[in-house]
Amino acid sequence: MKVRIGHERNTAIADLLDRALSKGVVLWGEATISLAGVGLIYVGLKVLVASVETMHTMRAVHRADAPLLDERGA
């Protein structure tokens, strides 16, 4: 199966999956079910999809940029 990306490029699903895993993809969505203007149910979803190698790289970069915390975590 081929998926069209851009104007003139075709890419196989395997290539798209490889790119997504090597770069990382964030899926973020939310929905609220309300009745008469009153929110009854809220559903939020945040998913990060990446390869293990990409996650280790992201974690290392985050740790290098993170400020130092005191004993309380503040």
# chains A, B, ... in the order shown; residues from 1 in each chain; ligands from 1
call {"tool": "residues_around", "arguments": {"residues": "Ser51 in chain A", "least_positions_apart": "6", "cutoff": "9 Å", "atoms": "only C-alpha atoms", "output": "list in words"}}
result
Ala20, Leu21, Ser22, Lys23 and Gly24 of chain A
call {"tool": "residues_around", "arguments": {"residues": "range 38-49 of chain A", "least_positions_apart": "2", "cutoff": "8 Å", "atoms": "only C-alpha atoms", "output": "list in words"}}
result
Ala20, Leu21, Gly24, Val25, Val26, Leu27, Trp28, Gly29, Glu30, Ala31, Thr32, Ile33, Ser34, Leu35, Ala36 and Ser51 of chain A
call {"tool": "write_last_selection", "arguments": {"atoms": "N, CA and C atoms", "output": "PDB file, in the first residue's frame"}}
result
ATOM      1  N   ALA A  20       8.193   7.810  11.701  1.00  0.00           N
ATOM      2  CA  ALA A  20       7.486   8.164  12.934  1.00  0.00           C
ATOM      3  C   ALA A  20       8.229   7.652  14.155  1.00  0.00           C
ATOM      4  N   LEU A  21       8.741   6.424  14.081  1.00  0.00           N
ATOM      5  CA  LEU A  21       9.443   5.861  15.227  1.00  0.00           C
ATOM      6  C   LEU A  21      10.800   6.512  15.446  1.00  0.00           C
ATOM      7  N   GLY A  24       9.600  10.329  16.484  1.00  0.00           N
ATOM      8  CA  GLY A  24       8.624  10.416  17.563  1.00  0.00           C
ATOM      9  C   GLY A  24       7.392  11.170  17.093  1.00  0.00           C
ATOM     10  N   VAL A  25       6.232  10.711  17.502  1.00  0.00           N
ATOM     11  CA  VAL A  25       4.963  11.324  17.125  1.00  0.00           C
ATOM     12  C   VAL A  25       4.132  11.499  18.385  1.00  0.00           C
ATOM     13  N   VAL A  26       3.528  12.661  18.545  1.00  0.00           N
ATOM     14  CA  VAL A  26       2.639  12.918  19.671  1.00  0.00           C
ATOM     15  C   VAL A  26       1.218  12.979  19.152  1.00  0.00           C
ATOM     16  N   LEU A  27       0.355  12.170  19.748  1.00  0.00           N
ATOM     17  CA  LEU A  27      -1.078  12.195  19.449  1.00  0.00           C
ATOM     18  C   LEU A  27      -1.764  12.822  20.653  1.00  0.00           C
ATOM     19  N   TRP A  28      -2.551  13.860  20.401  1.00  0.00           N
ATOM     20  CA  TRP A  28      -3.173  14.594  21.494  1.00  0.00           C
ATOM     21  C   TRP A  28      -4.604  14.906  21.103  1.00  0.00           C
ATOM     22  N   GLY A  29      -5.526  14.543  21.963  1.00  0.00           N
ATOM     23  CA  GLY A  29      -6.928  14.820  21.673  1.00  0.00           C
ATOM     24  C   GLY A  29      -7.722  14.971  22.956  1.00  0.00           C
ATOM     25  N   GLU A  30      -8.849  15.611  22.834  1.00  0.00           N
ATOM     26  CA  GLU A  30      -9.731  15.769  23.983  1.00  0.00           C
ATOM     27  C   GLU A  30     -11.163  15.904  23.505  1.00  0.00           C
ATOM     28  N   ALA A  31     -12.073  15.467  24.341  1.00  0.00           N
ATOM     29  CA  ALA A  31     -13.501  15.544  24.017  1.00  0.00           C
ATOM     30  C   ALA A  31     -14.284  15.780  25.306  1.00  0.00           C
ATOM     31  N   THR A  32     -15.334  16.545  25.192  1.00  0.00           N
ATOM     32  CA  THR A  32     -16.224  16.797  26.327  1.00  0.00           C
ATOM     33  C   THR A  32     -17.644  16.480  25.910  1.00  0.00           C
ATOM     34  N   ILE A  33     -18.307  15.695  26.711  1.00  0.00           N
ATOM     35  CA  ILE A  33     -19.724  15.393  26.479  1.00  0.00           C
ATOM     36  C   ILE A  33     -20.515  16.242  27.464  1.00  0.00           C
ATOM     37  N   SER A  34     -21.404  17.064  26.931  1.00  0.00           N
ATOM     38  CA  SER A  34     -22.169  17.955  27.798  1.00  0.00           C
ATOM     39  C   SER A  34     -23.657  17.844  27.487  1.00  0.00           C
ATOM     40  N   LEU A  35     -24.444  18.204  28.469  1.00  0.00           N
ATOM     41  CA  LEU A  35     -25.897  18.203  28.350  1.00  0.00           C
ATOM     42  C   LEU A  35     -26.396  19.528  28.904  1.00  0.00           C
ATOM     43  N   ALA A  36     -27.109  20.275  28.088  1.00  0.00           N
ATOM     44  CA  ALA A  36     -27.653  21.584  28.473  1.00  0.00           C
ATOM     45  C   ALA A  36     -26.545  22.524  28.942  1.00  0.00           C
ATOM     46  N   SER A  51      10.466   5.011  19.026  1.00  0.00           N
ATOM     47  CA  SER A  51      11.262   3.810  19.260  1.00  0.00           C
ATOM     48  C   SER A  51      11.984   3.939  20.598  1.00  0.00           C
TER      49      SER A  51
END
call {"tool": "atom_distance", "arguments": {"atom1": "CA of Arg19 in chain A", "atom2": "CA of Thr54 in chain A"}}
result
11.1 Å
call {"tool": "atom_distance", "arguments": {"atom1": "CA of Leu17 in chain A", "atom2": "CA of Met55 in chain A"}}
result
15.5 Å
